[in-house]
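Data from upload16.cif: mmCIF, C-alpha atoms
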```cif
data_input
#
loop_
_atom_site.label_atom_id
_atom_site.label_comp_id
_atom_site.auth_asym_id
_atom_site.auth_seq_id
_atom_site.Cartn_x
_atom_site.Cartn_y
_atom_site.Cartn_z
CA ASP U 1 105.24 253.53 202.93
CA VAL U 2 102.94 250.98 201.30
CA SER U 3 104.12 247.68 199.85
CA PHE U 4 102.28 244.48 199.02
CA THR U 5 102.61 241.43 196.78
CA THR U 6 99.77 239.62 195.09
CA THR U 7 99.86 236.22 193.43
CA LEU U 8 97.59 234.88 190.69
CA ASN U 9 97.17 231.15 190.09
CA GLU U 10 95.30 229.83 187.05
CA GLY U 11 93.29 233.05 186.74
CA ARG U 12 90.81 233.96 184.01
CA LEU U 13 89.74 237.33 182.54
CA ASN U 14 86.95 238.06 180.02
CA LEU U 15 86.64 241.51 178.42
CA PRO U 16 84.77 242.59 175.23
CA ASN U 17 87.83 242.18 173.00
CA LEU U 18 90.12 240.14 175.24
CA GLU U 19 89.93 236.65 176.73
CA LEU U 20 92.73 235.53 179.04
CA SER U 21 92.94 232.11 180.65
CA ARG U 22 95.37 229.93 182.66
CA ALA U 23 97.07 233.08 183.93
CA SER U 24 99.62 232.88 186.75
CA GLY U 25 102.12 235.32 188.15
CA GLU U 26 103.24 237.63 190.91
CA LEU U 27 103.00 241.40 191.23
CA THR U 28 104.71 243.64 193.81
CA TYR U 29 103.49 247.20 194.44
CA THR U 30 105.57 249.71 196.41
CA LYS U 31 104.66 253.34 197.23
CA THR U 32 106.93 255.49 199.37
CA ASN U 33 105.89 258.60 201.30
CA ASP U 34 107.81 260.94 198.96
CA ALA U 35 106.49 262.35 195.67
CA LYS U 36 107.95 259.56 193.56
CA PRO U 37 105.48 257.44 191.55
CA PRO U 38 104.75 253.94 192.81
CA VAL U 39 106.94 251.04 191.67
CA VAL U 40 105.33 247.95 190.15
CA ILE U 41 107.40 244.84 189.43
CA GLY U 42 106.17 241.44 188.36
CA GLN U 43 105.60 238.77 185.78
CA LEU U 44 102.44 237.27 184.28
CA VAL U 45 102.33 234.03 182.32
CA ALA U 46 99.13 233.34 180.35
CA GLY U 47 98.43 229.97 178.80
CA LYS U 48 96.04 231.53 176.29
CA ILE U 49 95.09 235.02 175.11
CA ASN U 50 92.34 235.40 172.52
CA THR U 51 91.97 238.86 170.94
CA LEU U 52 90.82 240.17 167.53
CA GLY U 53 90.32 236.63 166.29
CA ALA U 54 93.92 235.60 167.01
CA LEU U 55 94.84 232.95 169.57
CA LEU U 56 98.10 233.61 171.43
CA GLN U 57 99.56 230.83 173.55
CA ASN U 58 102.10 230.75 176.39
CA VAL U 59 102.55 234.51 176.67
CA THR U 60 105.00 235.88 179.26
CA VAL U 61 104.64 239.54 180.26
CA ASN U 62 107.44 241.19 182.27
CA LEU U 63 106.74 244.43 184.17
CA ASP U 64 109.19 246.74 185.94
CA THR U 65 108.29 250.44 186.14
CA THR U 66 111.80 251.35 187.34
CA LYS U 67 113.17 250.66 183.85
CA PRO U 68 112.78 252.76 180.66
CA GLU U 69 111.22 249.66 179.06
CA ALA U 70 108.63 249.11 181.77
CA LEU U 71 106.74 246.28 180.05
CA TYR U 72 107.74 243.71 177.46
CA PHE U 73 106.22 240.63 175.85
CA LYS U 74 106.83 238.61 172.71
CA THR U 75 104.70 235.79 171.35
CA SER U 76 103.32 234.09 168.23
CA PRO U 77 99.74 233.22 167.24
CA ALA U 78 98.88 229.54 167.51
CA GLY U 79 99.85 227.73 164.31
CA TYR U 80 101.91 230.64 162.90
CA LYS U 81 105.51 230.30 164.04
CA ASN U 82 106.71 232.79 161.39
CA ILE U 83 104.57 235.57 162.90
CA THR U 84 105.76 237.42 166.01
CA LEU U 85 103.84 239.92 168.12
CA THR U 86 105.95 242.14 170.38
CA GLY U 87 104.66 244.66 172.91
CA ARG U 88 106.61 247.31 174.81
CA TRP U 89 105.66 250.03 177.27
CA VAL U 90 108.43 252.63 177.02
CA THR U 91 108.48 255.40 179.67
CA GLU U 92 111.36 257.55 178.37
CA PRO U 93 111.57 260.10 176.83
CA ASP U 94 107.77 259.92 176.55
CA SER U 95 105.40 257.27 177.87
CA HIS U 96 103.97 255.20 175.03
CA LEU U 97 102.87 251.69 174.08
CA GLU U 98 104.49 250.06 171.07
CA VAL U 99 103.13 246.94 169.35
CA ILE U 100 105.06 245.31 166.50
CA LEU U 101 103.67 242.62 164.20
CA GLY U 102 106.35 240.89 162.17
CA SER U 103 106.32 237.98 159.76
CA ALA U 104 108.85 236.28 157.53
CA ASN U 105 105.93 235.29 155.28
CA THR U 106 103.44 238.08 154.49
CA LEU U 107 100.76 235.65 153.30
CA ASP U 108 100.64 234.14 156.81
CA VAL U 109 99.43 237.51 158.14
CA VAL U 110 96.84 237.78 155.36
CA GLU U 111 95.60 234.28 156.21
CA LEU U 112 95.39 235.20 159.90
CA LEU U 113 93.79 238.66 159.69
CA ALA U 114 91.98 238.64 156.34
CA PRO U 115 91.46 235.07 155.12
CA ASP U 116 88.71 236.21 152.73
CA LYS U 117 91.30 238.29 150.83
CA HIS U 118 93.93 235.56 150.56
CA ASP U 119 93.23 234.76 146.90
CA ASP U 120 93.00 238.45 145.90
CA LEU U 121 96.28 239.39 147.57
CA SER U 122 98.38 236.28 147.08
CA SER U 123 99.72 237.18 143.64
CA TRP U 124 100.84 240.61 144.89
CA VAL U 125 102.36 239.82 148.29
CA LYS U 126 103.68 236.30 147.78
CA ASP U 127 107.15 237.65 146.93
CA ALA U 128 106.98 240.72 149.20
CA ASN U 129 108.67 239.49 152.36
CA PRO U 130 109.20 240.17 155.22
CA LEU U 131 106.35 242.22 156.74
CA SER U 132 106.57 244.56 159.71
CA VAL U 133 103.71 246.66 161.14
CA THR U 134 104.40 248.98 164.09
CA LEU U 135 101.71 250.78 166.10
CA THR U 136 102.77 253.45 168.61
CA ALA U 137 100.26 255.06 170.98
CA PRO U 138 100.78 257.58 173.82
CA ILE U 139 99.71 256.04 177.13
CA ALA U 140 97.58 259.11 177.87
CA SER U 141 95.64 258.63 174.62
CA LEU U 142 94.69 255.05 175.53
CA GLN U 143 92.76 256.36 178.54
CA ASN U 144 90.53 258.57 176.37
CA ASP U 145 87.46 257.66 174.31
CA GLN U 146 89.38 258.83 171.23
CA LYS U 147 92.52 256.73 171.02
CA LYS U 148 95.25 257.81 168.63
CA ALA U 149 98.21 255.82 167.34
CA SER U 150 100.79 256.22 164.61
CA TYR U 151 101.61 253.35 162.27
CA GLN U 152 104.55 252.28 160.14
CA ILE U 153 104.28 249.49 157.54
CA ASN U 154 107.24 247.89 155.78
CA LEU U 155 106.41 245.20 153.24
CA GLY U 156 109.26 243.64 151.29
CA THR U 157 112.69 245.20 150.76
CA PRO U 158 114.41 247.17 147.98
CA LYS U 159 115.63 243.80 146.64
CA THR U 160 112.17 242.16 146.39
CA ALA U 161 109.93 242.41 143.33
CA LYS U 162 107.45 244.57 145.22
CA GLN U 163 107.79 246.83 148.24
CA LEU U 164 105.40 248.93 150.31
CA VAL U 165 106.45 251.57 152.84
CA ALA U 166 103.64 253.48 154.53
CA SER U 167 103.13 255.65 157.60
CA GLY U 168 100.36 257.73 159.12
CA ASN U 169 97.91 257.89 162.01
CA ILE U 170 94.94 255.86 163.23
CA LEU U 171 92.18 257.36 165.37
CA TYR U 172 89.74 255.05 167.12
CA ASP U 173 86.56 256.61 168.56
CA ALA U 174 85.32 254.15 171.19
CA GLU U 175 82.01 255.96 171.62
CA LYS U 176 81.18 255.85 167.90
CA ASP U 177 83.05 252.57 167.31
CA ASN U 178 84.72 254.14 164.28
CA VAL U 179 88.28 253.97 162.95
CA VAL U 180 89.78 256.82 160.89
CA VAL U 181 93.00 256.09 158.99
CA ASP U 182 95.13 259.07 157.93
CA LEU U 183 97.63 257.94 155.29
CA LYS U 184 100.44 260.47 155.41
CA LYS U 185 103.03 258.71 153.29
CA THR U 186 102.60 255.68 151.04
CA ASN U 187 105.29 254.50 148.63
CA ILE U 188 104.99 251.38 146.46
CA GLY U 189 108.08 249.90 144.88
CA ILE U 190 107.15 247.93 141.79
CA ALA U 191 108.91 246.86 138.57
CA ASP U 192 112.16 248.54 139.68
CA GLY U 193 110.33 251.89 139.89
CA LYS U 194 108.05 253.49 142.43
CA ILE U 195 104.55 254.82 142.94
CA ASP U 196 104.02 257.69 145.39
CA VAL U 197 100.46 257.93 146.71
CA SER U 198 99.15 261.36 147.70
CA PRO U 199 98.01 261.68 151.36
CA PHE U 200 94.36 260.86 152.03
CA THR U 201 92.02 259.96 154.90
CA PHE U 202 89.19 257.44 155.14
CA SER U 203 87.06 255.95 157.91
CA SER U 204 86.11 252.33 158.55
CA ASP U 205 82.47 253.10 157.70
CA TYR U 206 83.36 254.76 154.38
CA ALA U 207 81.27 253.25 151.60
CA GLY U 208 82.32 255.35 148.60
CA THR U 209 80.32 258.52 149.34
CA PRO U 210 81.47 261.19 148.76
CA PRO U 211 83.99 260.06 146.11
CA LEU U 212 87.61 259.94 147.29
CA SER U 213 90.30 261.33 144.96
CA VAL U 214 93.92 260.16 145.13
CA LEU U 215 96.88 260.94 142.87
CA LEU U 216 99.46 258.29 142.03
CA LYS U 217 102.84 259.53 140.83
CA VAL U 218 104.67 256.84 138.85
CA THR U 219 108.44 257.15 138.49
CA SER U 220 110.72 255.14 136.21
CA VAL U 221 108.86 251.82 136.07
CA ASP U 222 110.74 249.14 134.14
CA MET U 223 108.60 248.03 131.18
CA SER U 224 110.16 244.57 131.08
CA LYS U 225 109.33 243.84 134.72
CA LEU U 226 105.89 245.42 134.36
CA ALA U 227 105.16 243.10 131.44
CA ASN U 228 106.17 240.13 133.58
CA LEU U 229 103.85 241.27 136.38
CA ALA U 230 100.98 241.70 133.93
CA ASP U 231 101.73 238.20 132.62
CA VAL U 232 100.76 239.16 129.07
CA LYS U 233 101.61 236.15 126.94
CA GLY U 234 103.99 236.93 124.10
CA LEU U 235 105.00 240.40 125.32
CA THR U 236 108.56 241.54 125.95
CA ALA U 237 109.60 245.15 126.45
CA LYS U 238 112.51 247.46 127.25
CA GLY U 239 112.40 251.02 128.56
CA ARG U 240 110.89 252.93 131.46
CA LEU U 241 107.62 254.73 132.11
CA SER U 242 106.73 257.69 134.32
CA GLY U 243 103.57 259.74 134.77
CA THR U 244 100.52 260.42 136.91
CA LEU U 245 97.38 258.37 137.54
CA PRO U 246 94.45 260.31 139.05
CA VAL U 247 92.24 257.82 140.87
CA VAL U 248 88.69 258.22 142.16
CA TYR U 249 87.17 255.72 144.58
CA SER U 250 83.37 255.72 144.84
CA THR U 251 80.40 253.37 145.10
CA ASN U 252 81.21 252.31 141.52
CA GLY U 253 84.69 251.09 142.50
CA ILE U 254 88.17 252.36 141.62
CA MET U 255 88.33 254.50 138.48
CA PHE U 256 91.14 256.18 136.55
CA THR U 257 90.49 259.63 135.10
CA ASN U 258 92.91 260.50 132.30
CA GLY U 259 95.82 258.52 133.66
CA SER U 260 98.97 258.98 131.59
CA LEU U 261 102.30 257.15 131.49
CA LYS U 262 105.04 258.32 129.12
CA SER U 263 108.34 256.72 128.18
CA ASP U 264 111.57 257.99 129.72
CA GLY U 265 113.43 258.20 126.42
CA THR U 266 113.65 255.42 123.86
CA GLY U 267 112.72 251.77 124.19
CA SER U 268 111.25 248.78 122.40
CA PHE U 269 108.66 246.05 122.68
CA ALA U 270 107.72 242.87 120.86
CA TYR U 271 104.23 241.39 120.96
CA THR U 272 104.00 237.92 119.43
CA PRO U 273 101.33 235.89 121.25
CA ALA U 274 100.22 232.45 120.10
CA GLU U 275 96.78 233.99 119.60
CA PHE U 276 96.13 237.71 119.21
CA PRO U 277 93.25 239.35 121.11
CA PRO U 278 90.07 240.10 119.10
CA SER U 279 91.08 243.75 118.67
CA LEU U 280 94.17 242.67 116.67
CA GLN U 281 92.66 239.79 114.69
CA GLY U 282 91.63 239.89 111.05
CA ASP U 283 92.90 238.71 107.65
CA ASP U 284 92.99 242.07 105.90
CA PRO U 285 96.42 243.51 104.91
CA ARG U 286 96.07 246.42 107.32
CA MET U 287 95.78 244.18 110.41
CA GLU U 288 98.59 241.99 109.12
CA THR U 289 100.81 245.07 108.90
CA VAL U 290 99.84 246.11 112.45
CA ARG U 291 100.71 242.68 113.86
CA LYS U 292 104.05 242.65 112.01
CA THR U 293 104.79 246.16 113.33
CA LEU U 294 104.13 245.03 116.92
CA SER U 295 106.49 242.07 116.55
CA ASP U 296 109.57 244.32 116.82
CA TYR U 297 108.81 247.96 117.51
CA ARG U 298 111.58 250.44 118.46
CA PHE U 299 110.01 253.63 119.80
CA SER U 300 111.35 257.12 120.39
CA LYS U 301 108.14 258.16 122.19
CA LEU U 302 105.45 256.13 123.88
CA ASN U 303 102.34 257.18 125.80
CA VAL U 304 99.79 255.00 127.61
CA GLN U 305 96.40 256.51 128.54
CA MET U 306 94.07 254.88 131.07
CA ASN U 307 90.43 255.65 131.77
CA GLY U 308 87.57 253.85 133.46
CA LEU U 309 87.09 251.32 136.22
CA VAL U 310 90.08 249.26 137.31
CA ASP U 311 89.13 245.81 136.13
CA ASP U 312 90.33 243.37 133.53
CA LYS U 313 88.71 245.44 130.75
CA MET U 314 89.83 248.93 131.74
CA LYS U 315 90.10 251.19 128.69
CA THR U 316 93.76 251.54 127.82
CA SER U 317 95.15 253.23 124.72
CA LEU U 318 98.71 253.33 123.43
CA SER U 319 100.27 255.87 121.08
CA ALA U 320 103.88 255.75 119.95
CA GLU U 321 106.37 256.95 117.38
CA GLY U 322 109.12 254.65 116.14
CA ILE U 323 110.24 252.10 113.58
CA ASN U 324 110.24 248.40 112.84
CA PRO U 325 113.47 247.21 111.15
CA THR U 326 111.38 244.98 108.88
CA PHE U 327 110.10 248.16 107.20
CA GLY U 328 113.47 249.93 107.22
CA GLU U 329 113.81 253.40 108.75
CA ARG U 330 110.33 254.54 107.77
CA PRO U 331 108.65 256.29 110.76
CA ILE U 332 105.63 254.41 112.09
CA LYS U 333 103.02 255.97 114.36
CA LEU U 334 100.91 253.64 116.50
CA ASN U 335 97.48 254.41 117.95
CA LEU U 336 95.97 251.33 119.57
CA ASN U 337 93.19 250.52 121.99
CA LEU U 338 94.38 247.73 124.28
CA ASP U 339 92.65 245.09 126.36
CA GLY U 340 92.91 245.99 130.04
CA ASP U 341 95.68 243.65 131.20
CA LEU U 342 97.35 246.52 133.06
CA GLY U 343 94.17 247.01 135.06
CA ALA U 344 94.53 243.58 136.65
CA VAL U 345 98.02 244.49 137.93
CA LEU U 346 96.86 247.81 139.34
CA LYS U 347 93.85 246.19 140.97
CA GLN U 348 96.17 243.81 142.84
CA THR U 349 98.25 246.81 143.94
CA PHE U 350 95.24 248.63 145.41
CA GLN U 351 94.02 245.55 147.25
CA THR U 352 97.04 245.65 149.59
CA ILE U 353 95.52 248.61 151.47
CA ASP U 354 92.33 247.11 152.91
CA PHE U 355 92.88 245.54 156.34
CA SER U 356 90.85 248.05 158.38
CA ASP U 357 87.48 246.55 157.45
CA ASN U 358 88.59 243.10 158.56
CA ILE U 359 89.89 244.35 161.92
CA LYS U 360 86.62 246.18 162.50
CA SER U 361 84.62 243.05 161.64
CA GLN U 362 86.64 241.09 164.20
CA LEU U 363 85.75 243.67 166.83
CA GLU U 364 82.07 243.37 165.90
CA LYS U 365 82.21 239.58 166.25
CA LYS U 366 83.56 239.90 169.79
CA LYS U 367 80.62 242.10 170.74
CA LYS U 368 78.01 239.55 169.74
#
```

Will you turn the file into structure tokens for me?
Amino acid sequence: DVSFTTTLNEGRLNLPNLELSRASGELTYTKTNDAKPPVVIGQLVAGKINTLGALLQNVTVNLDTTKPEALYFKTSPAGYKNITLTGRWVTEPDSHLEVILGSANTLDVVELLAPDKHDDLSSWVKDANPLSVTLTAPIASLQNDQKKASYQINLGTPKTAKQLVASGNILYDAEKDNVVVDLKKTNIGIADGKIDVSPFTFSSDYAGTPPLSVLLKVTSVDMSKLANLADVKGLTAKGRLSGTLPVVYSTNGIMFTNGSLKSDGTGSFAYTPAEFPPSLQGDDPRMETVRKTLSDYRFSKLNVQMNGLVDDKMKTSLSAEGINPTFGERPIKLNLNLDGDLGAVLKQTFQTIDFSDNIKSQLEKKKK
């Protein structure tokens, strides 16, 4: 039999992506003459751990290979008490490492991991709390050059204004220093409806070539809540929209190709801004009639078409059949080209996906 105990006092460790200081603890190793694996029991307390740009303080790591949960730690980054980082090495039924990042305030995580995207993401995630990100990796995979992990993201809840639930796999090639993200399932809850994103794969060095095609399936989005998200002054609406939005991402940016949203039955909208956009201005009787029609429109059918780059001026057209009580029961057909307010909302939605580039940049900084 072999058994020994080692003690560490105020130790220090420097690795490419990990700096550990003020480390103290005790470790006991026992190996019997039979075929059983060795037993390792101990505790390590680190005053500071610096990794991926995050500073962790006063971290306690407990280790006992005789237990199904062989390793456990829980800590928070310095200055972010609402963020917790939990690590577990689970040996049964399969040996794997599990890391969980949780936060009561999602914007705290954005500020920590992607501060350059804080302004872009704040309007989308400010009400989407809490956040939980779980990474699970087989222990055997961590010993290879190609390290594979599965991920699960939960942003918000069914009761919050926005929700994101996503899962898939991440493959890190240490030799090529490349990360490949395989998005298996991505569901976005927005405006009391949902958007299902078709599976797709991209790498951390992807720069838009070749173009990447993704299909968004929109189901039963509440027009009233969507109007609030778009923050279009003077617009109120009732009804629901469903449809499909084919999206292409390339070096030109994010582009819709014949996106279509149709009403789920009847509905209504009223557009009475203090100042109409240029496309609806004019003193001629025709434009006056159009503006009066938009002030109280009850539709039986409504269709929104979207084409072009997702920016504030994305080409959006609206066609509808309905009435305005001011004109009695006379059928009125609308065919309008709209300013791209909806594009701003969708742009914010897409920007929730991009954390991989920031993590990779943090790794690059550690190498220098």

Tyr271 (chain U) surroundings by all atoms listed in the file, 10 Å radius, close-in-sequence under 4 positions cut, as a ChimeraX atom specification: /U:232-237,276,291-297

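In this model, the gap between CA of Ala35 (chain U) and CA of Asn62 (chain U) comes to 25.1 Å.
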
Selection result of the PyMOL selection byres ((chain U and resi 37-48) around 6) on this file, as a ChimeraX atom specification: /U:20-31,36,49,56-65

Radius query 8 Å about (110.8, 251.9, 132.7), atoms used: all atoms listed in the file, as a ChimeraX atom specification: /U:191-193,220-224,238-242,263-264

One-decimal distance in Å that lies between CA of Pro278 (chain U) and CA of Ile323 (chain U): 24.1 Å
